[in-house]
>>> print(open('work_37.tsv').read())   # TSV, C-alpha atoms
chain	number	residue	atom	x	y	z
S	1	MET	CA	20.21	-44.74	-87.41
S	2	ILE	CA	19.63	-45.62	-91.05
S	3	GLN	CA	22.54	-45.74	-93.49
S	4	ASP	CA	20.99	-47.73	-96.32
S	5	LEU	CA	17.80	-49.53	-97.20
S	6	MET	CA	16.60	-51.43	-100.23
S	7	PRO	CA	13.94	-49.79	-102.38
S	8	GLY	CA	10.48	-50.74	-101.14
S	9	THR	CA	11.52	-51.24	-97.49
S	10	GLU	CA	9.69	-48.17	-96.21
S	11	GLU	CA	6.55	-49.02	-98.18
S	12	GLN	CA	6.59	-52.56	-96.74
S	13	LEU	CA	6.83	-51.25	-93.16
S	14	GLN	CA	3.97	-48.81	-93.73
S	15	LYS	CA	1.77	-51.43	-95.44
S	16	GLU	CA	1.50	-54.13	-92.73
S	17	THR	CA	2.93	-55.66	-89.56
S	18	THR	CA	6.31	-56.89	-90.76
S	19	SER	CA	8.61	-59.49	-89.21
S	20	ALA	CA	12.24	-58.39	-89.28
S	21	TYR	CA	15.35	-59.98	-87.86
S	22	VAL	CA	18.82	-59.18	-86.64
S	23	GLY	CA	21.56	-61.78	-86.25
S	24	ILE	CA	23.48	-61.88	-82.98
S	25	ASP	CA	26.83	-63.54	-82.66
S	26	PRO	CA	26.86	-65.89	-79.63
S	27	THR	CA	30.64	-65.99	-79.05
S	28	ALA	CA	30.18	-64.84	-75.41
S	29	ASP	CA	27.49	-65.29	-72.76
S	30	SER	CA	26.85	-61.55	-72.71
S	31	LEU	CA	26.17	-58.87	-75.26
S	32	HIS	CA	28.45	-55.84	-75.25
S	33	ILE	CA	27.52	-52.30	-76.22
S	34	GLY	CA	28.62	-52.92	-79.81
S	35	HIS	CA	25.52	-55.15	-80.12
S	36	LEU	CA	23.21	-52.45	-78.81
S	37	VAL	CA	22.69	-50.63	-82.10
S	38	SER	CA	20.97	-53.60	-83.76
S	39	VAL	CA	19.11	-54.40	-80.51
S	40	MET	CA	17.79	-50.83	-80.45
S	41	MET	CA	16.68	-51.27	-84.07
S	42	LEU	CA	14.60	-54.27	-82.95
S	43	LYS	CA	13.25	-52.25	-80.01
S	44	HIS	CA	12.15	-49.39	-82.29
S	45	LEU	CA	10.67	-51.94	-84.68
S	46	GLN	CA	8.53	-53.50	-81.95
S	47	ARG	CA	7.43	-50.09	-80.60
S	48	ALA	CA	6.22	-49.26	-84.11
S	49	GLY	CA	4.01	-52.37	-84.09
S	50	HIS	CA	6.25	-54.73	-86.07
S	51	ARG	CA	7.56	-58.13	-85.00
S	52	PRO	CA	11.23	-58.43	-84.00
S	53	ILE	CA	13.12	-61.70	-84.41
S	54	ALA	CA	16.53	-62.12	-82.77
S	55	VAL	CA	18.55	-64.86	-84.45
S	56	ILE	CA	21.32	-66.33	-82.36
S	57	GLY	CA	23.99	-67.37	-84.86
S	58	GLY	CA	24.71	-70.80	-83.39
S	59	ALA	CA	25.58	-72.33	-86.77
S	60	THR	CA	27.19	-69.25	-88.30
S	61	GLY	CA	28.96	-68.63	-84.97
S	62	MET	CA	30.65	-71.97	-85.46
S	63	ILE	CA	32.16	-70.60	-88.67
S	64	GLY	CA	32.86	-66.92	-88.16
S	65	ASP	CA	31.77	-64.02	-90.35
S	66	PRO	CA	34.63	-62.67	-92.50
S	67	SER	CA	33.02	-59.22	-92.78
S	68	MET	CA	35.58	-56.60	-91.83
S	69	LYS	CA	37.65	-59.22	-89.96
S	70	SER	CA	41.29	-59.85	-90.76
S	71	ALA	CA	41.46	-63.40	-89.40
S	72	GLU	CA	39.26	-66.39	-88.64
S	73	ARG	CA	37.69	-66.84	-85.22
S	74	ASN	CA	37.70	-69.75	-82.83
S	75	LEU	CA	34.77	-72.12	-83.19
S	76	LEU	CA	32.36	-72.93	-80.34
S	77	ASP	CA	30.94	-76.24	-79.15
S	78	GLU	CA	27.18	-76.77	-78.81
S	79	ALA	CA	27.04	-76.72	-74.99
S	80	THR	CA	28.76	-73.31	-74.92
S	81	LEU	CA	26.44	-72.01	-77.64
S	82	ARG	CA	23.32	-73.05	-75.70
S	83	HIS	CA	24.60	-71.45	-72.49
S	84	ASN	CA	25.41	-68.23	-74.37
S	85	GLN	CA	21.97	-68.23	-76.02
S	86	GLU	CA	20.12	-68.43	-72.68
S	87	SER	CA	22.23	-65.64	-71.19
S	88	ILE	CA	21.71	-63.40	-74.23
S	89	LYS	CA	17.93	-63.96	-74.18
S	90	LYS	CA	17.77	-62.66	-70.58
S	91	GLN	CA	19.55	-59.50	-71.67
S	92	LEU	CA	17.36	-59.04	-74.76
S	93	ALA	CA	14.24	-59.31	-72.58
S	94	LYS	CA	15.17	-55.92	-71.10
S	95	PHE	CA	14.72	-54.37	-74.55
S	96	LEU	CA	12.13	-56.59	-76.23
S	97	ASP	CA	8.80	-58.04	-75.12
S	98	PHE	CA	8.93	-61.81	-75.67
S	99	ASP	CA	5.87	-62.55	-73.50
S	100	SER	CA	3.26	-60.29	-75.08
S	101	ASN	CA	-0.01	-61.79	-76.36
S	102	GLU	CA	0.10	-59.35	-79.27
S	103	PRO	CA	0.98	-60.63	-82.76
S	104	ASN	CA	4.23	-58.66	-82.64
S	105	ALA	CA	5.70	-60.45	-79.59
S	106	ALA	CA	9.46	-60.83	-80.04
S	107	LEU	CA	10.89	-64.19	-81.04
S	108	LEU	CA	14.31	-65.69	-80.32
S	109	VAL	CA	15.61	-68.48	-82.56
S	110	ASN	CA	18.96	-70.16	-83.15
S	111	ASN	CA	20.08	-70.94	-86.69
S	112	TYR	CA	21.87	-74.03	-85.39
S	113	ASP	CA	18.44	-75.62	-85.01
S	114	TRP	CA	17.71	-75.58	-88.74
S	115	MET	CA	21.30	-76.03	-89.94
S	116	LYS	CA	22.49	-78.92	-87.76
S	117	ASP	CA	20.71	-81.68	-89.75
S	118	TYR	CA	21.10	-80.08	-93.18
S	119	SER	CA	23.61	-82.26	-95.04
S	120	PHE	CA	26.39	-80.62	-97.01
S	121	LEU	CA	25.25	-82.35	-100.22
S	122	ASN	CA	21.69	-81.11	-99.86
S	123	PHE	CA	22.84	-77.60	-98.98
S	124	ILE	CA	25.07	-77.14	-102.02
S	125	ARG	CA	22.42	-78.71	-104.25
S	126	ASP	CA	19.41	-76.75	-102.89
S	127	ILE	CA	21.05	-73.43	-102.05
S	128	GLY	CA	24.53	-73.24	-103.59
S	129	LYS	CA	23.34	-73.61	-107.16
S	130	HIS	CA	21.29	-70.40	-106.98
S	131	ILE	CA	24.17	-68.03	-106.20
S	132	THR	CA	27.17	-67.70	-108.50
S	133	VAL	CA	30.76	-67.45	-107.32
S	134	ASN	CA	31.02	-64.17	-109.30
S	135	TYR	CA	28.14	-62.76	-107.22
S	136	MET	CA	29.80	-63.82	-103.96
S	137	MET	CA	33.24	-62.54	-104.96
S	138	ALA	CA	31.82	-59.09	-105.72
S	139	LYS	CA	30.87	-58.52	-102.07
S	140	ASP	CA	32.98	-55.96	-100.20
S	141	SER	CA	33.55	-58.26	-97.23
S	142	VAL	CA	35.12	-60.89	-99.53
S	143	LYS	CA	37.04	-58.42	-101.69
S	144	LYS	CA	38.60	-56.72	-98.65
S	145	ARG	CA	39.81	-60.00	-97.20
S	146	LEU	CA	41.22	-61.25	-100.49
S	147	SER	CA	43.01	-58.00	-101.29
S	148	GLY	CA	44.26	-57.51	-97.72
S	149	ASP	CA	47.93	-57.09	-96.83
S	150	SER	CA	48.04	-60.28	-94.79
S	151	ASN	CA	48.86	-63.65	-96.30
S	152	VAL	CA	46.02	-65.20	-94.31
S	153	GLY	CA	43.69	-65.53	-97.28
S	154	MET	CA	40.15	-66.81	-96.78
S	155	SER	CA	39.10	-70.37	-96.11
S	156	PHE	CA	36.22	-72.02	-97.96
S	157	THR	CA	34.46	-72.18	-94.57
S	158	GLU	CA	34.42	-68.41	-94.32
S	159	PHE	CA	33.65	-67.93	-98.00
S	160	SER	CA	30.48	-69.99	-97.50
S	161	TYR	CA	29.34	-67.74	-94.63
S	162	GLN	CA	27.27	-65.40	-96.79
S	163	LEU	CA	25.44	-68.41	-98.28
S	164	MET	CA	24.57	-69.63	-94.79
S	165	GLN	CA	23.38	-66.21	-93.69
S	166	GLY	CA	21.42	-65.94	-96.91
S	167	TYR	CA	19.80	-69.29	-96.14
S	168	ASP	CA	18.81	-68.02	-92.66
S	169	PHE	CA	16.83	-65.24	-94.32
S	170	LEU	CA	15.23	-67.72	-96.74
S	171	HIS	CA	14.33	-70.10	-93.88
S	172	LEU	CA	12.78	-67.29	-91.80
S	173	TYR	CA	10.92	-66.04	-94.88
S	174	GLN	CA	9.47	-69.53	-95.38
S	175	THR	CA	8.70	-70.37	-91.73
S	176	GLU	CA	8.01	-67.00	-90.07
S	177	GLY	CA	7.02	-64.79	-93.00
S	178	CYS	CA	10.09	-62.64	-92.29
S	179	ARG	CA	10.45	-59.92	-94.95
S	180	LEU	CA	13.28	-57.75	-93.59
S	181	GLN	CA	16.79	-58.23	-92.24
S	182	MET	CA	18.57	-55.46	-90.39
S	183	GLY	CA	22.15	-55.04	-89.17
S	184	GLY	CA	25.28	-52.94	-89.32
S	185	SER	CA	26.42	-51.55	-92.67
S	186	ASP	CA	29.19	-54.19	-92.80
S	187	GLN	CA	26.39	-56.78	-93.18
S	188	TRP	CA	24.92	-55.29	-96.37
S	189	GLY	CA	26.56	-57.91	-98.62
S	190	ASN	CA	25.39	-60.87	-96.51
S	191	ILE	CA	21.85	-59.47	-96.16
S	192	THR	CA	21.41	-58.83	-99.88
S	193	THR	CA	22.57	-62.39	-100.63
S	194	GLY	CA	19.53	-63.46	-98.59
S	195	THR	CA	17.15	-61.21	-100.51
S	196	GLU	CA	18.59	-62.61	-103.74
S	197	LEU	CA	18.03	-66.22	-102.60
S	198	ILE	CA	14.42	-65.43	-101.65
S	199	ARG	CA	13.86	-63.83	-105.06
S	200	ARG	CA	15.39	-66.76	-106.97
S	201	ILE	CA	13.93	-69.66	-104.96
S	202	GLU	CA	10.58	-68.26	-103.80
S	203	GLY	CA	10.04	-65.48	-106.31
S	204	GLY	CA	9.37	-63.32	-103.23
S	205	GLU	CA	10.24	-59.80	-102.17
S	206	ALA	CA	12.47	-59.28	-99.14
S	207	TYR	CA	14.26	-56.21	-97.88
S	208	ALA	CA	17.43	-54.94	-96.21
S	209	LEU	CA	17.99	-52.05	-93.80
S	210	VAL	CA	21.39	-51.26	-92.27
S	211	CYS	CA	22.58	-48.73	-89.73
S	212	PRO	CA	25.95	-46.96	-89.79
S	213	LEU	CA	28.80	-48.55	-87.88
S	214	ILE	CA	29.13	-46.51	-84.69
S	215	THR	CA	32.34	-44.54	-84.44
S	216	LYS	CA	33.77	-42.17	-81.86
S	217	ALA	CA	34.52	-38.54	-82.67
S	218	ASP	CA	38.23	-39.07	-81.92
S	219	GLY	CA	38.47	-42.00	-84.35
S	220	THR	CA	39.01	-44.71	-81.70
S	221	LYS	CA	36.78	-47.78	-81.63
S	222	PHE	CA	33.36	-47.39	-80.03
S	223	GLY	CA	32.66	-49.54	-76.97
S	224	LYS	CA	36.30	-50.30	-76.19
S	225	THR	CA	38.10	-49.10	-73.07
S	226	GLU	CA	41.61	-49.80	-71.77
S	227	THR	CA	40.18	-52.92	-70.12
S	228	GLY	CA	38.37	-54.14	-73.26
S	229	ASN	CA	34.69	-54.33	-74.20
S	230	VAL	CA	31.92	-52.64	-72.20
S	231	TRP	CA	29.60	-55.58	-71.43
S	232	LEU	CA	25.93	-55.66	-70.48
S	233	ASP	CA	26.55	-58.37	-67.86
S	234	ARG	CA	27.56	-56.97	-64.47
S	235	ARG	CA	30.04	-59.85	-64.01
S	236	TYR	CA	32.20	-58.35	-66.76
S	237	THR	CA	31.38	-54.63	-66.47
S	238	SER	CA	29.93	-53.38	-63.18
S	239	PRO	CA	26.89	-51.05	-63.37
S	240	TYR	CA	29.15	-48.29	-61.97
S	241	LYS	CA	31.74	-48.71	-64.75
S	242	PHE	CA	28.95	-49.05	-67.30
S	243	TYR	CA	27.42	-45.77	-66.10
S	244	GLN	CA	30.84	-44.08	-66.08
S	245	PHE	CA	31.50	-45.12	-69.69
S	246	TRP	CA	28.45	-43.20	-70.95
S	247	LEU	CA	28.98	-40.29	-68.55
S	248	ASN	CA	32.49	-39.74	-69.89
S	249	VAL	CA	31.79	-39.71	-73.64
S	250	SER	CA	32.61	-36.49	-75.50
S	251	ASP	CA	29.97	-33.82	-76.19
S	252	ASP	CA	29.89	-34.74	-79.89
S	253	ASP	CA	29.49	-38.43	-79.14
S	254	ALA	CA	26.83	-37.81	-76.49
S	255	ALA	CA	24.74	-35.85	-79.02
S	256	LYS	CA	24.97	-38.79	-81.43
S	257	TYR	CA	24.57	-41.66	-78.94
S	258	ILE	CA	21.48	-40.24	-77.21
S	259	LYS	CA	19.63	-40.54	-80.55
S	260	ILE	CA	20.73	-44.15	-81.01
S	261	PHE	CA	20.79	-45.73	-77.56
S	262	THR	CA	17.71	-44.22	-75.92
S	263	ALA	CA	14.01	-44.08	-76.73
S	264	LEU	CA	13.78	-40.32	-76.07
S	265	ASP	CA	11.83	-38.35	-78.67
S	266	LYS	CA	13.23	-35.58	-80.88
S	267	GLU	CA	11.78	-32.73	-78.79
S	268	GLU	CA	13.34	-34.00	-75.57
S	269	ILE	CA	16.72	-34.49	-77.23
S	270	ALA	CA	16.55	-31.00	-78.76
S	271	THR	CA	15.89	-29.54	-75.29
S	272	LEU	CA	18.89	-31.41	-73.86
S	273	GLU	CA	21.09	-30.23	-76.74
S	274	ALA	CA	20.05	-26.62	-76.03
S	275	GLU	CA	20.90	-27.09	-72.33
S	276	GLN	CA	24.27	-28.58	-73.30
S	277	ALA	CA	25.05	-25.61	-75.58
S	278	ALA	CA	24.14	-23.16	-72.80
S	279	ALA	CA	26.10	-24.94	-70.03
S	280	PRO	CA	28.40	-27.64	-71.43
S	281	HIS	CA	30.19	-28.03	-68.07
S	282	LEU	CA	26.95	-29.44	-66.55
S	283	ARG	CA	26.96	-32.23	-69.18
S	284	PRO	CA	23.15	-32.68	-69.37
S	285	LEU	CA	23.44	-34.86	-72.50
S	286	GLN	CA	25.93	-37.26	-70.94
S	287	LYS	CA	23.99	-37.44	-67.66
S	288	ARG	CA	20.70	-38.23	-69.38
S	289	LEU	CA	22.29	-40.72	-71.80
S	290	ALA	CA	24.01	-42.53	-68.91
S	291	LYS	CA	20.78	-42.56	-66.89
S	292	GLU	CA	18.54	-43.91	-69.66
S	293	ILE	CA	20.88	-46.66	-70.76
S	294	THR	CA	21.97	-47.77	-67.27
S	295	ILE	CA	18.31	-48.14	-66.19
S	296	MET	CA	17.47	-49.99	-69.41
S	297	VAL	CA	20.38	-52.45	-69.14
S	298	HIS	CA	20.55	-52.76	-65.33
S	299	SER	CA	17.91	-51.11	-63.10
S	300	GLU	CA	16.88	-47.83	-61.49
S	301	GLU	CA	18.50	-48.99	-58.24
S	302	ASP	CA	21.82	-49.72	-60.00
S	303	TYR	CA	21.67	-46.31	-61.67
S	304	GLU	CA	21.07	-44.51	-58.36
S	305	LEU	CA	23.91	-46.39	-56.69
S	306	ALA	CA	26.22	-45.54	-59.60
S	307	VAL	CA	25.34	-41.83	-59.26
S	308	GLU	CA	25.91	-41.96	-55.49
S	309	ALA	CA	29.22	-43.76	-56.01
S	310	SER	CA	30.26	-41.10	-58.56
S	311	ASN	CA	29.49	-38.38	-56.00
S	312	ILE	CA	31.74	-39.93	-53.35
S	313	LEU	CA	34.88	-38.44	-54.88
S	314	PHE	CA	33.37	-35.09	-55.82
S	315	GLY	CA	30.25	-34.51	-53.74
S	316	GLY	CA	29.40	-34.34	-50.08
S	317	SER	CA	28.27	-37.96	-49.89
S	318	THR	CA	27.81	-39.75	-46.58
S	319	SER	CA	29.23	-42.80	-44.86
S	320	ASP	CA	25.88	-44.56	-45.43
S	321	ILE	CA	26.42	-44.44	-49.19
S	322	LEU	CA	29.98	-45.67	-48.80
S	323	LYS	CA	28.80	-48.65	-46.76
S	324	LYS	CA	26.28	-49.60	-49.47
S	325	LEU	CA	28.97	-50.09	-52.13
S	326	ASP	CA	29.99	-53.62	-53.02
S	327	GLU	CA	33.72	-54.34	-53.17
S	328	GLU	CA	33.94	-54.11	-56.97
S	329	THR	CA	32.31	-50.66	-57.08
S	330	LEU	CA	34.37	-49.43	-54.12
S	331	LEU	CA	37.61	-50.42	-55.86
S	332	ALA	CA	36.39	-48.92	-59.15
S	333	VAL	CA	35.56	-45.58	-57.50
S	334	PHE	CA	38.96	-45.40	-55.77
S	335	ASP	CA	40.99	-46.75	-58.67
S	336	GLY	CA	44.27	-44.82	-58.70
S	337	VAL	CA	43.96	-43.64	-55.07
S	338	PRO	CA	47.09	-44.44	-52.95
S	339	GLN	CA	46.65	-47.77	-51.14
S	340	PHE	CA	48.32	-48.91	-47.94
S	341	GLN	CA	48.34	-52.32	-46.26
S	342	ILE	CA	47.30	-52.48	-42.59
S	343	SER	CA	47.23	-55.42	-40.18
S	344	LYS	CA	43.84	-57.08	-39.66
S	345	LYS	CA	45.14	-58.58	-36.41
S	346	GLN	CA	46.08	-55.12	-35.13
S	347	LEU	CA	42.58	-53.84	-35.98
S	348	GLY	CA	41.05	-56.80	-34.16
S	349	GLU	CA	42.74	-55.60	-30.98
S	350	GLY	CA	42.00	-51.91	-31.73
S	351	VAL	CA	44.54	-49.26	-32.63
S	352	LYS	CA	44.57	-45.48	-32.06
S	353	ALA	CA	43.80	-43.46	-35.18
S	354	VAL	CA	46.98	-41.40	-34.73
S	355	ASP	CA	49.09	-44.60	-34.76
S	356	LEU	CA	47.18	-46.21	-37.64
S	357	LEU	CA	47.43	-43.21	-39.96
S	358	THR	CA	51.10	-42.51	-39.32
S	359	GLU	CA	52.09	-46.18	-39.71
S	360	ALA	CA	50.07	-46.48	-42.97
S	361	PRO	CA	51.60	-43.79	-43.73
S	362	VAL	CA	48.80	-41.33	-44.53
S	363	PHE	CA	50.65	-38.72	-42.41
S	364	PRO	CA	54.41	-38.27	-42.10
S	365	SER	CA	54.13	-37.38	-38.40
S	366	LYS	CA	51.74	-37.65	-35.47
S	367	GLY	CA	51.99	-33.90	-34.90
S	368	GLU	CA	50.74	-33.12	-38.40
S	369	MET	CA	47.94	-35.66	-38.02
S	370	ARG	CA	46.78	-34.18	-34.66
S	371	LYS	CA	46.88	-30.65	-36.06
S	372	LEU	CA	44.68	-31.52	-39.08
S	373	VAL	CA	42.20	-33.45	-36.88
S	374	GLN	CA	41.78	-30.34	-34.68
S	375	SER	CA	40.85	-28.25	-37.73
S	376	GLY	CA	38.32	-30.92	-38.83
S	377	GLY	CA	40.34	-32.00	-41.87
S	378	VAL	CA	40.52	-35.77	-41.33
S	379	SER	CA	37.75	-38.27	-42.10
S	380	LEU	CA	37.50	-42.05	-41.89
S	381	ASN	CA	34.83	-43.65	-44.10
S	382	LYS	CA	33.38	-40.18	-44.79
S	383	GLU	CA	32.90	-39.38	-41.07
S	384	LYS	CA	34.98	-36.61	-39.49
S	385	LEU	CA	37.50	-37.80	-36.94
S	386	ALA	CA	36.96	-35.78	-33.74
S	387	ASP	CA	39.88	-37.13	-31.69
S	388	PRO	CA	43.25	-38.49	-32.89
S	389	GLU	CA	43.20	-40.95	-29.95
S	390	THR	CA	39.96	-42.62	-31.20
S	391	VAL	CA	40.41	-46.40	-31.20
S	392	ILE	CA	39.90	-47.89	-34.68
S	393	ASP	CA	38.85	-51.54	-34.79
S	394	SER	CA	37.39	-54.05	-37.27
S	395	THR	CA	33.91	-52.45	-37.03
S	396	TYR	CA	35.33	-49.68	-39.24
S	397	LEU	CA	36.01	-52.07	-42.13
S	398	LEU	CA	34.09	-51.66	-45.38
S	399	ASN	CA	33.38	-55.03	-47.06
S	400	ASP	CA	35.29	-56.54	-44.11
S	401	LYS	CA	38.54	-55.36	-45.68
S	402	TYR	CA	38.87	-51.60	-46.35
S	403	ILE	CA	39.01	-48.25	-44.54
S	404	LEU	CA	38.80	-45.00	-46.49
S	405	ALA	CA	40.96	-42.23	-45.05
S	406	GLN	CA	40.58	-38.64	-46.23
S	407	LYS	CA	42.84	-35.62	-45.77
S	408	GLY	CA	41.17	-32.32	-46.53
S	409	LYS	CA	38.44	-32.29	-49.18
S	410	LYS	CA	39.96	-34.25	-52.02
S	411	THR	CA	42.90	-36.40	-50.90
S	412	TYR	CA	41.95	-40.03	-50.34
S	413	PHE	CA	43.79	-43.14	-49.19
S	414	LEU	CA	42.51	-46.69	-49.20
S	415	LEU	CA	43.71	-48.79	-46.28
S	416	ILE	CA	43.53	-52.53	-47.03
S	417	THR	CA	43.80	-55.23	-44.38
S	418	ASN	CA	46.12	-58.15	-44.84
>>> encode(input="work_37.tsv", output="structure tokens")
Amino acid sequence: MIQDLMPGTEEQLQKETTSAYVGIDPTADSLHIGHLVSVMMLKHLQRAGHRPIAVIGGATGMIGDPSMKSAERNLLDEATLRHNQESIKKQLAKFLDFDSNEPNAALLVNNYDWMKDYSFLNFIRDIGKHITVNYMMAKDSVKKRLSGDSNVGMSFTEFSYQLMQGYDFLHLYQTEGCRLQMGGSDQWGNITTGTELIRRIEGGEAYALVCPLITKADGTKFGKTETGNVWLDRRYTSPYKFYQFWLNVSDDDAAKYIKIFTALDKEEIATLEAEQAAAPHLRPLQKRLAKEITIMVHSEEDYELAVEASNILFGGSTSDILKKLDEETLLAVFDGVPQFQISKKQLGEGVKAVDLLTEAPVFPSKGEMRKLVQSGGVSLNKEKLADPETVIDSTYLLNDKYILAQKGKKTYFLLITN
């Protein structure tokens, strides 16, 4: 997980309980899996006895970090920032212990709180004079934007970002004794500006530690799917889809991610890697990765339901499991399955299965439908249909709206009432 660290960082961590922070961008009211690397760094830090500080970038979020970005971002108002901060804290509490009585209990702060009353004149006088423009221009994040192909350029607002982030580090050094800032490797320039400020203003030692930016083996962006980011909040990414994302990563990526996104030890990971090499089709790495991270972000119950939902298409799951699925998961599981509209009014009165499934049309003819029922090849909601004349009514509806029809072992149809 470590790409780079300043000399002396390791010695500092071995010497004493050290406070270290990671900045989190509050542009949404949920973290996505791109944030998880730095959150896991804080988790490991706390497990090792150190004190993690999560800094919500309320002030810096109002500006936008130019690092590795090609254009400026939209700015947020304070009410939105506060809402996002509360939501993010709830998610962080699944990884970090904020309520411990130990000296290394996690802390959540918002840089808006110490920046909002800092006047521009005081800031450029107290902070700006310590860092030269030459020093700021030499940073990769600035150089890349200025030498980019676009004619967008870089506003003074964005140029000042590294000074503001540097001041965060100085403020936390002064108020919380924070000696280390961690983040992705794209943050190296901003972090070292902070260590430089601390050295020049306080004459103190502070450190930087960055992790590699997570990539996928095929070169596409980590954490992105066709539908966008993979979020930690179930409102944006259901636990089932979250579980499926990790289950479907490649073998190479699974071997890398299990070291980053879980708290499993080396021996356990080595055992899983050996199992994967012996029987790659069983996907032990992906299954364990998906299990660990789904339980950590959601819950054991959500994980078990996601596994059961995954087995509906491929395993011999039962109607009981099908009935437990919420509408979102049901639709996610049967995404891409042929869908037919049926009349809710007709179901209210009751309709024979043979009529329903030929009108839908799951079957082209009643004769074919009857023949397959006789050989036990037709199921409704995962229960075998014994008689084609069975009357189907609204009690068959899943989520008061759907009926799952099945021909043979693997051919599904979703009937939707209108």
>>> closest_residue(input="work_37.tsv", among="S:Asn110, S:Ser160, S:Gln346, S:Pro388", to="Lys366 of chain S", atoms="all atoms listed in the file")
S:Pro388
>>> residues_around(input="work_37.tsv", residues="Gly194 of chain S", least_positions_apart="6", cutoff="8 Å", atoms="all atoms listed in the file", output="PyMOL selection string")
chain S and resi 163+165-170
>>> residues_around(input="work_37.tsv", residues="His50 of chain S", least_positions_apart="3", cutoff="10 Å", atoms="all atoms listed in the file", output="number ranges by chain")
S: 13-14, 16-20, 42-47, 53, 103-106
>>> residues_around(input="work_37.tsv", residues="Ala332 of chain S", least_positions_apart="3", cutoff="8 Å", atoms="all atoms listed in the file", output="PyMOL selection string")
chain S and resi 240-241+328-329+335
>>> residues_around(input="work_37.tsv", residues="Phe314 of chain S", least_positions_apart="4", cutoff="9 Å", atoms="all atoms listed in the file", output="list of chain:residue names")
S:Ser310, S:Lys409, S:Lys410
>>> residues_around(input="work_37.tsv", residues="Lys139 of chain S", least_positions_apart="4", cutoff="12 Å", atoms="all atoms listed in the file", output="PyMOL selection string")
chain S and resi 66-68+132-135+143-146+159+161-163+186-193
>>> atom_distance(input="work_37.tsv", atom1="atom CA of Leu289 of chain S", atom2="atom CA of Lys259 of chain S")
9.1 Å
>>> closest_residue(input="work_37.tsv", among="S:Leu197, S:Leu305, S:Met6, S:Met182", to="Lys129 of chain S", atoms="all atoms listed in the file")
S:Leu197
>>> closest_residue(input="work_37.tsv", among="S:Thr215, S:Thr395, S:Thr157, S:Gln339", to="Tyr257 of chain S", atoms="only C-alpha atoms")
S:Thr215
>>> closest_residue(input="work_37.tsv", among="S:Pro239, S:Gly34, S:Gly128, S:Gly336", to="Lys224 of chain S", atoms="all atoms listed in the file")
S:Gly34
>>> closest_residue(input="work_37.tsv", among="S:Ile198, S:Leu357, S:Met154, S:Leu347", to="Ser394 of chain S", atoms="only C-alpha atoms")
S:Leu347
>>> atom_distance(input="work_37.tsv", atom1="atom CA of Asn399 of chain S", atom2="atom CA of Leu372 of chain S")
27.3 Å
>>> atom_distance(input="work_37.tsv", atom1="atom CA of Tyr173 of chain S", atom2="atom CA of Ala54 of chain S")
13.9 Å
>>> closest_residue(input="work_37.tsv", among="S:Asp320, S:Phe245, S:Leu31, S:Ser250", to="Gly219 of chain S", atoms="only C-alpha atoms")
S:Ser250
>>> decode(input="work_37.tsv", residues="segment 81-106 of chain S", atoms="C-alpha atoms", output="PDB file, in the first residue's frame")
ATOM      1  CA  LEU S  81     -21.199  20.473   3.104  1.00  0.00           C
ATOM      2  CA  ARG S  82     -22.569  19.883   6.623  1.00  0.00           C
ATOM      3  CA  HIS S  83     -25.052  17.289   5.380  1.00  0.00           C
ATOM      4  CA  ASN S  84     -22.295  15.503   3.446  1.00  0.00           C
ATOM      5  CA  GLN S  85     -19.997  15.576   6.489  1.00  0.00           C
ATOM      6  CA  GLU S  86     -22.569  13.869   8.748  1.00  0.00           C
ATOM      7  CA  SER S  87     -23.261  11.183   6.150  1.00  0.00           C
ATOM      8  CA  ILE S  88     -19.550  10.514   5.614  1.00  0.00           C
ATOM      9  CA  LYS S  89     -18.904  10.242   9.365  1.00  0.00           C
ATOM     10  CA  LYS S  90     -21.501   7.444   9.631  1.00  0.00           C
ATOM     11  CA  GLN S  91     -19.687   5.541   6.893  1.00  0.00           C
ATOM     12  CA  LEU S  92     -16.249   6.123   8.436  1.00  0.00           C
ATOM     13  CA  ALA S  93     -17.514   4.748  11.767  1.00  0.00           C
ATOM     14  CA  LYS S  94     -17.673   1.312  10.121  1.00  0.00           C
ATOM     15  CA  PHE S  95     -13.898   1.446   9.647  1.00  0.00           C
ATOM     16  CA  LEU S  96     -12.677   3.632  12.516  1.00  0.00           C
ATOM     17  CA  ASP S  97     -13.442   3.736  16.235  1.00  0.00           C
ATOM     18  CA  PHE S  98     -14.518   7.289  17.109  1.00  0.00           C
ATOM     19  CA  ASP S  99     -15.980   6.344  20.510  1.00  0.00           C
ATOM     20  CA  SER S 100     -13.031   4.595  22.144  1.00  0.00           C
ATOM     21  CA  ASN S 101     -11.718   5.837  25.506  1.00  0.00           C
ATOM     22  CA  GLU S 102      -8.196   5.060  24.317  1.00  0.00           C
ATOM     23  CA  PRO S 103      -5.857   7.932  23.382  1.00  0.00           C
ATOM     24  CA  ASN S 104      -5.949   6.801  19.750  1.00  0.00           C
ATOM     25  CA  ALA S 105      -9.720   7.258  19.264  1.00  0.00           C
ATOM     26  CA  ALA S 106     -10.401   8.528  15.745  1.00  0.00           C
TER      27      ALA S 106
END
